[in-house]
$ cat data.cif   # mmCIF, C-alpha atoms
data_query
#
loop_
_atom_site.label_atom_id
_atom_site.label_comp_id
_atom_site.auth_asym_id
_atom_site.auth_seq_id
_atom_site.Cartn_x
_atom_site.Cartn_y
_atom_site.Cartn_z
CA MET A 239 79.33 104.36 125.72
CA GLU A 240 78.35 106.82 128.44
CA VAL A 241 82.01 107.21 129.36
CA LYS A 242 82.86 108.20 125.78
CA LYS A 243 80.06 110.78 125.69
CA LYS A 244 81.19 112.25 129.01
CA LEU A 245 84.81 112.38 127.83
CA LEU A 246 83.73 114.07 124.59
CA GLY A 247 81.76 116.62 126.64
CA LEU A 248 84.81 117.34 128.80
CA CYS A 249 86.94 117.81 125.67
CA GLU A 250 84.36 120.21 124.22
CA THR A 251 84.38 122.19 127.47
CA TYR A 252 88.19 122.29 127.36
CA VAL A 253 88.13 123.68 123.80
CA SER A 254 85.45 126.26 124.71
CA LYS A 255 87.52 127.53 127.65
CA ARG A 256 90.64 127.75 125.48
CA LEU A 257 88.65 129.67 122.86
CA GLN A 258 87.35 132.16 125.47
CA THR A 259 90.88 132.71 126.80
CA VAL A 260 92.37 133.32 123.36
CA GLU A 261 89.51 135.65 122.39
CA GLN A 262 90.07 137.66 125.60
CA ILE A 263 93.80 137.90 124.84
CA MET A 264 93.08 139.08 121.30
CA LEU A 265 90.59 141.68 122.51
CA SER A 266 93.02 142.93 125.15
CA ASN A 267 95.84 143.16 122.60
CA LYS A 268 93.59 144.96 120.11
CA LYS A 269 92.75 147.56 122.77
CA GLY A 270 96.44 147.78 123.61
CA LEU A 271 97.31 148.44 119.97
CA GLU A 272 94.67 151.18 119.79
CA ASN A 273 96.08 152.79 122.93
CA GLU A 274 99.64 152.51 121.59
CA THR A 275 98.52 154.36 118.46
CA LYS A 276 97.27 157.24 120.60
CA SER A 277 100.43 157.47 122.71
CA SER A 278 103.57 159.44 121.94
CA ALA A 279 105.87 158.45 119.12
CA GLY A 280 109.37 157.08 119.56
CA ASP A 281 111.29 153.86 120.12
CA LYS A 282 109.29 152.87 123.19
CA HIS A 283 106.08 153.27 121.21
CA GLU A 284 107.39 151.13 118.32
CA THR A 285 108.63 148.39 120.69
CA GLY A 286 105.25 148.27 122.42
CA ARG A 287 103.43 147.99 119.10
CA ALA A 288 105.79 145.23 117.90
CA MET A 289 105.30 143.24 121.11
CA LEU A 290 101.51 143.53 120.87
CA GLN A 291 101.65 142.54 117.20
CA LEU A 292 103.64 139.40 118.12
CA GLU A 293 101.09 138.54 120.82
CA MET A 294 98.27 138.95 118.29
CA GLU A 295 100.02 136.58 115.85
CA LYS A 296 100.58 134.02 118.62
CA ALA A 297 96.91 134.23 119.65
CA SER A 298 95.89 133.86 116.01
CA GLN A 299 97.92 130.63 115.74
CA GLN A 300 96.29 129.34 118.93
CA LEU A 301 92.89 130.20 117.46
CA SER A 302 93.74 128.15 114.38
CA GLY A 303 94.69 125.20 116.62
CA ILE A 304 91.41 125.52 118.51
CA HIS A 305 89.44 125.35 115.26
CA ILE A 306 91.33 122.17 114.30
CA MET A 307 90.44 120.68 117.71
CA LYS A 308 86.77 121.56 117.15
CA GLU A 309 86.84 119.87 113.73
CA THR A 310 88.47 116.77 115.24
CA LEU A 311 85.81 116.55 117.96
CA ALA A 312 83.04 116.98 115.37
CA LYS A 313 84.42 114.02 113.34
CA MET A 314 84.57 111.67 116.32
CA ASP A 315 82.23 108.71 116.61
CA VAL A 316 81.54 108.07 120.29
CA VAL A 317 78.40 106.01 119.69
CA ASN A 318 79.83 102.98 117.90
CA SER A 319 82.41 100.70 119.41
CA SER A 320 85.40 99.20 117.64
CA ASP A 321 87.83 96.37 118.35
CA VAL A 322 90.61 98.50 116.90
CA ALA A 323 91.84 101.72 118.53
CA ARG A 324 90.79 104.73 116.44
CA LEU A 325 89.75 108.35 116.85
CA GLY A 326 87.04 108.37 119.53
CA SER A 327 88.19 105.14 121.20
CA VAL A 328 88.58 104.70 124.94
CA ILE A 329 91.57 102.51 125.62
CA LYS A 330 92.34 100.90 128.94
CA THR A 331 95.86 99.57 129.36
CA ASP A 332 97.69 98.02 132.29
CA LYS A 333 99.38 101.42 132.85
CA ALA A 334 96.74 104.10 132.13
CA ASN A 335 93.44 104.89 130.40
CA TYR A 336 93.35 106.92 127.20
CA PHE A 337 90.77 108.72 125.09
CA LEU A 338 91.95 109.12 121.48
CA SER A 339 90.65 112.59 120.69
CA ILE A 340 92.49 115.89 121.21
CA SER A 341 95.32 116.78 123.55
CA ALA A 342 93.28 117.92 126.54
CA GLY A 343 95.29 116.34 129.35
CA GLN A 344 93.90 114.33 132.23
CA LEU A 345 90.12 114.00 132.54
CA VAL A 346 88.12 112.28 135.26
CA VAL A 347 84.84 110.45 134.61
CA ASP A 348 83.09 108.48 137.34
CA LYS A 349 86.24 108.57 139.51
CA ASP A 350 88.34 107.00 136.71
CA SER A 351 91.18 108.96 135.17
CA TYR A 352 91.71 109.18 131.40
CA PHE A 353 94.30 110.98 129.31
CA ALA A 354 92.75 112.76 126.34
CA ILE A 355 95.42 112.48 123.66
CA SER A 356 95.69 113.35 120.00
CA VAL A 357 96.18 110.62 117.42
CA SER A 358 99.24 112.58 116.24
CA SER A 359 100.92 112.51 119.67
CA PRO A 360 103.71 109.94 120.20
CA ILE A 361 101.54 107.67 122.39
CA GLY A 362 98.50 108.31 120.18
CA LYS A 363 100.40 107.09 117.11
CA LEU A 364 101.37 103.92 119.00
CA LEU A 365 97.82 103.24 120.21
CA LEU A 366 96.18 103.80 116.83
CA GLY A 367 95.24 100.50 115.19
CA LYS A 368 96.04 98.37 118.26
CA LYS A 369 93.67 95.64 119.47
CA LYS A 370 92.83 94.12 122.85
CA ASN A 371 95.79 92.19 124.34
CA ASP A 372 98.30 93.84 121.97
CA VAL A 373 101.55 94.82 123.71
CA PHE A 374 103.71 97.75 122.71
CA SER A 375 106.65 99.65 124.12
CA PHE A 376 106.63 103.35 125.08
CA HIS A 377 109.61 105.04 126.74
CA GLY A 378 111.03 101.63 127.59
CA ASN A 379 107.82 100.44 129.30
CA LYS A 380 105.84 97.50 127.99
CA ILE A 381 102.15 98.39 127.86
CA GLN A 382 99.32 95.90 127.31
CA MET A 383 95.98 96.82 125.80
CA LYS A 384 93.28 95.60 128.20
CA GLU A 385 90.08 97.03 126.73
CA ILE A 386 88.99 99.15 123.77
CA PHE A 387 85.55 100.65 123.29
#

$ encode --input "data.cif" --output "structure tokens"
Amino acid sequence: MEVKKKLLGLCETYVSKRLQTVEQIMLSNKKGLENETKSSAGDKHETGRAMLQLEMEKASQQLSGIHIMKETLAKMDVVNSSDVARLGSVIKTDKANYFLSISAGQLVVDKDSYFAISVSSPIGKLLLGKKKNDVFSFHGNKIQMKEIF
């Protein structure tokens, strides 16, 4: 269970860093918009404002995604184990190790590598509901479930 707690902690750190980055982008764009308002009028001014507005909308969408990730992490049960792969499960296969959580990429715990993946990702959908020794196919590769906890 320690591995699950460490993986959850790494995912929470990942989300916090993403949140800080997006907040910095939004703050920078807000300042940019204020400066654009003070500058001279004309086409260049309007283009600059439009670009900054688009960046603000993009950052806002990212912020929404970050909040969804936070909610997903808050719902996860990393204390109890299950024989069936579900949100919060660590899955070891003959090809790679996975943590069904959020899409946070590759994480390393105690020198072992795990891929933090969302249950809505293509591989996440395949892993969900599988049991030990189940075999499934992904991108033409046969993958066997070795361990789930």

$ closest_residue --input "data.cif" --among "A:Ser298, A:Leu245, A:Thr310, A:Met239" --to "Asp350 in chain A" --atoms "all atoms listed in the file"
A:Leu245

$ resolve_selection --input "data.cif" --expression "the PyMOL selection byres ((chain A and resi 340-344) around 12)" --output "PyMOL selection string"
chain A and resi 245-256+303-314+325-327+334-339+345-347+350-362

$ resolve_selection --input "data.cif" --expression "the PyMOL selection byres ((chain A and resi 292-294) around 12)" --output "tab-separated table (two decimals) with C-alpha atoms, in the coordinates of the input"
chain	number	residue	atom	x	y	z
A	260	VAL	CA	92.37	133.32	123.36
A	261	GLU	CA	89.51	135.65	122.39
A	262	GLN	CA	90.07	137.66	125.60
A	263	ILE	CA	93.80	137.90	124.84
A	264	MET	CA	93.08	139.08	121.30
A	265	LEU	CA	90.59	141.68	122.51
A	266	SER	CA	93.02	142.93	125.15
A	267	ASN	CA	95.84	143.16	122.60
A	268	LYS	CA	93.59	144.96	120.11
A	269	LYS	CA	92.75	147.56	122.77
A	270	GLY	CA	96.44	147.78	123.61
A	271	LEU	CA	97.31	148.44	119.97
A	285	THR	CA	108.63	148.39	120.69
A	286	GLY	CA	105.25	148.27	122.42
A	287	ARG	CA	103.43	147.99	119.10
A	288	ALA	CA	105.79	145.23	117.90
A	289	MET	CA	105.30	143.24	121.11
A	290	LEU	CA	101.51	143.53	120.87
A	291	GLN	CA	101.65	142.54	117.20
A	295	GLU	CA	100.02	136.58	115.85
A	296	LYS	CA	100.58	134.02	118.62
A	297	ALA	CA	96.91	134.23	119.65
A	298	SER	CA	95.89	133.86	116.01
A	299	GLN	CA	97.92	130.63	115.74
A	300	GLN	CA	96.29	129.34	118.93
A	301	LEU	CA	92.89	130.20	117.46

$ atom_distance --input "data.cif" --atom1 "CA of Phe376 in chain A" --atom2 "CA of Val322 in chain A"
18.6 Å

$ residues_around --input "data.cif" --residues "Asp321 in chain A" --least-positions-apart "2" --cutoff "12 Å" --atoms "all atoms listed in the file" --output "number ranges by chain"
A: 318-319, 323-324, 327-329, 366-372, 383-387

$ atom_distance --input "data.cif" --atom1 "CA of Lys243 in chain A" --atom2 "CA of Ser302 in chain A"
24.8 Å

$ atom_distance --input "data.cif" --atom1 "CA of Ser320 in chain A" --atom2 "CA of Lys242 in chain A"
12.4 Å

$ closest_residue --input "data.cif" --among "A:Lys349, A:Lys333, A:Lys244, A:Lys380" --to "Val316 in chain A" --atoms "only C-alpha atoms"
A:Lys244

$ closest_residue --input "data.cif" --among "A:Thr259, A:Asn273, A:Thr331, A:Asn379" --to "Leu365 in chain A" --atoms "only C-alpha atoms"
A:Thr331

$ closest_residue --input "data.cif" --among "A:Gln258, A:Asp348, A:Lys363, A:Lys330" --to "Gln382 in chain A" --atoms "all atoms listed in the file"
A:Lys330

$ decode --input "data.cif" --residues "range 300-320 of chain A" --atoms "N, CA, C and O atoms" --output "PDB file, in the first residue's frame"
ATOM      1  N   GLN A 300      -7.471  24.742 -19.258  1.00  0.00           N
ATOM      2  CA  GLN A 300      -6.486  23.921 -18.540  1.00  0.00           C
ATOM      3  C   GLN A 300      -6.808  23.909 -17.050  1.00  0.00           C
ATOM      4  O   GLN A 300      -6.696  22.882 -16.386  1.00  0.00           O
ATOM      5  N   LEU A 301      -7.228  25.052 -16.535  1.00  0.00           N
ATOM      6  CA  LEU A 301      -7.594  25.170 -15.124  1.00  0.00           C
ATOM      7  C   LEU A 301      -8.764  24.242 -14.806  1.00  0.00           C
ATOM      8  O   LEU A 301      -8.765  23.554 -13.788  1.00  0.00           O
ATOM      9  N   SER A 302      -9.723  24.174 -15.700  1.00  0.00           N
ATOM     10  CA  SER A 302     -10.873  23.290 -15.542  1.00  0.00           C
ATOM     11  C   SER A 302     -10.403  21.829 -15.494  1.00  0.00           C
ATOM     12  O   SER A 302     -10.858  21.048 -14.654  1.00  0.00           O
ATOM     13  N   GLY A 303      -9.487  21.459 -16.385  1.00  0.00           N
ATOM     14  CA  GLY A 303      -8.926  20.112 -16.396  1.00  0.00           C
ATOM     15  C   GLY A 303      -8.186  19.777 -15.116  1.00  0.00           C
ATOM     16  O   GLY A 303      -8.263  18.650 -14.604  1.00  0.00           O
ATOM     17  N   ILE A 304      -7.489  20.750 -14.572  1.00  0.00           N
ATOM     18  CA  ILE A 304      -6.746  20.560 -13.322  1.00  0.00           C
ATOM     19  C   ILE A 304      -7.714  20.296 -12.167  1.00  0.00           C
ATOM     20  O   ILE A 304      -7.477  19.433 -11.327  1.00  0.00           O
ATOM     21  N   HIS A 305      -8.824  21.024 -12.147  1.00  0.00           N
ATOM     22  CA  HIS A 305      -9.815  20.802 -11.088  1.00  0.00           C
ATOM     23  C   HIS A 305     -10.426  19.405 -11.197  1.00  0.00           C
ATOM     24  O   HIS A 305     -10.681  18.756 -10.179  1.00  0.00           O
ATOM     25  N   ILE A 306     -10.636  18.923 -12.414  1.00  0.00           N
ATOM     26  CA  ILE A 306     -11.153  17.566 -12.609  1.00  0.00           C
ATOM     27  C   ILE A 306     -10.132  16.547 -12.090  1.00  0.00           C
ATOM     28  O   ILE A 306     -10.496  15.561 -11.436  1.00  0.00           O
ATOM     29  N   MET A 307      -8.844  16.789 -12.366  1.00  0.00           N
ATOM     30  CA  MET A 307      -7.792  15.897 -11.864  1.00  0.00           C
ATOM     31  C   MET A 307      -7.799  15.871 -10.337  1.00  0.00           C
ATOM     32  O   MET A 307      -7.677  14.798  -9.735  1.00  0.00           O
ATOM     33  N   LYS A 308      -7.935  17.051  -9.714  1.00  0.00           N
ATOM     34  CA  LYS A 308      -7.968  17.125  -8.249  1.00  0.00           C
ATOM     35  C   LYS A 308      -9.140  16.323  -7.692  1.00  0.00           C
ATOM     36  O   LYS A 308      -8.994  15.607  -6.701  1.00  0.00           O
ATOM     37  N   GLU A 309     -10.309  16.441  -8.337  1.00  0.00           N
ATOM     38  CA  GLU A 309     -11.488  15.699  -7.896  1.00  0.00           C
ATOM     39  C   GLU A 309     -11.258  14.191  -8.031  1.00  0.00           C
ATOM     40  O   GLU A 309     -11.625  13.420  -7.146  1.00  0.00           O
ATOM     41  N   THR A 310     -10.634  13.790  -9.133  1.00  0.00           N
ATOM     42  CA  THR A 310     -10.347  12.368  -9.354  1.00  0.00           C
ATOM     43  C   THR A 310      -9.422  11.841  -8.263  1.00  0.00           C
ATOM     44  O   THR A 310      -9.665  10.772  -7.694  1.00  0.00           O
ATOM     45  N   LEU A 311      -8.378  12.586  -7.950  1.00  0.00           N
ATOM     46  CA  LEU A 311      -7.431  12.162  -6.907  1.00  0.00           C
ATOM     47  C   LEU A 311      -8.117  12.081  -5.548  1.00  0.00           C
ATOM     48  O   LEU A 311      -7.832  11.174  -4.757  1.00  0.00           O
ATOM     49  N   ALA A 312      -9.021  13.009  -5.276  1.00  0.00           N
ATOM     50  CA  ALA A 312      -9.728  13.019  -3.990  1.00  0.00           C
ATOM     51  C   ALA A 312     -10.644  11.797  -3.844  1.00  0.00           C
ATOM     52  O   ALA A 312     -10.865  11.316  -2.729  1.00  0.00           O
ATOM     53  N   LYS A 313     -11.165  11.283  -4.957  1.00  0.00           N
ATOM     54  CA  LYS A 313     -12.073  10.122  -4.936  1.00  0.00           C
ATOM     55  C   LYS A 313     -11.336   8.798  -4.797  1.00  0.00           C
ATOM     56  O   LYS A 313     -11.946   7.785  -4.510  1.00  0.00           O
ATOM     57  N   MET A 314     -10.034   8.799  -5.049  1.00  0.00           N
ATOM     58  CA  MET A 314      -9.287   7.538  -5.105  1.00  0.00           C
ATOM     59  C   MET A 314      -9.110   6.890  -3.741  1.00  0.00           C
ATOM     60  O   MET A 314      -8.867   7.559  -2.762  1.00  0.00           O
ATOM     61  N   ASP A 315      -9.231   5.568  -3.744  1.00  0.00           N
ATOM     62  CA  ASP A 315      -8.999   4.774  -2.542  1.00  0.00           C
ATOM     63  C   ASP A 315      -7.654   4.066  -2.713  1.00  0.00           C
ATOM     64  O   ASP A 315      -7.546   3.122  -3.495  1.00  0.00           O
ATOM     65  N   VAL A 316      -6.643   4.547  -1.997  1.00  0.00           N
ATOM     66  CA  VAL A 316      -5.325   3.912  -2.097  1.00  0.00           C
ATOM     67  C   VAL A 316      -5.025   3.057  -0.861  1.00  0.00           C
ATOM     68  O   VAL A 316      -3.952   2.499  -0.745  1.00  0.00           O
ATOM     69  N   VAL A 317      -5.995   2.962   0.035  1.00  0.00           N
ATOM     70  CA  VAL A 317      -5.796   2.182   1.258  1.00  0.00           C
ATOM     71  C   VAL A 317      -6.218   0.731   1.051  1.00  0.00           C
ATOM     72  O   VAL A 317      -5.504  -0.190   1.411  1.00  0.00           O
ATOM     73  N   ASN A 318      -7.384   0.545   0.454  1.00  0.00           N
ATOM     74  CA  ASN A 318      -7.907  -0.812   0.255  1.00  0.00           C
ATOM     75  C   ASN A 318      -7.417  -1.398  -1.069  1.00  0.00           C
ATOM     76  O   ASN A 318      -7.251  -0.694  -2.048  1.00  0.00           O
ATOM     77  N   SER A 319      -7.232  -2.697  -1.041  1.00  0.00           N
ATOM     78  CA  SER A 319      -6.788  -3.413  -2.226  1.00  0.00           C
ATOM     79  C   SER A 319      -7.977  -4.073  -2.895  1.00  0.00           C
ATOM     80  O   SER A 319      -8.992  -4.310  -2.259  1.00  0.00           O
ATOM     81  N   SER A 320      -7.840  -4.365  -4.186  1.00  0.00           N
ATOM     82  CA  SER A 320      -8.910  -5.020  -4.921  1.00  0.00           C
ATOM     83  C   SER A 320      -8.307  -6.019  -5.897  1.00  0.00           C
ATOM     84  O   SER A 320      -7.220  -5.816  -6.411  1.00  0.00           O
TER      85      SER A 320
END
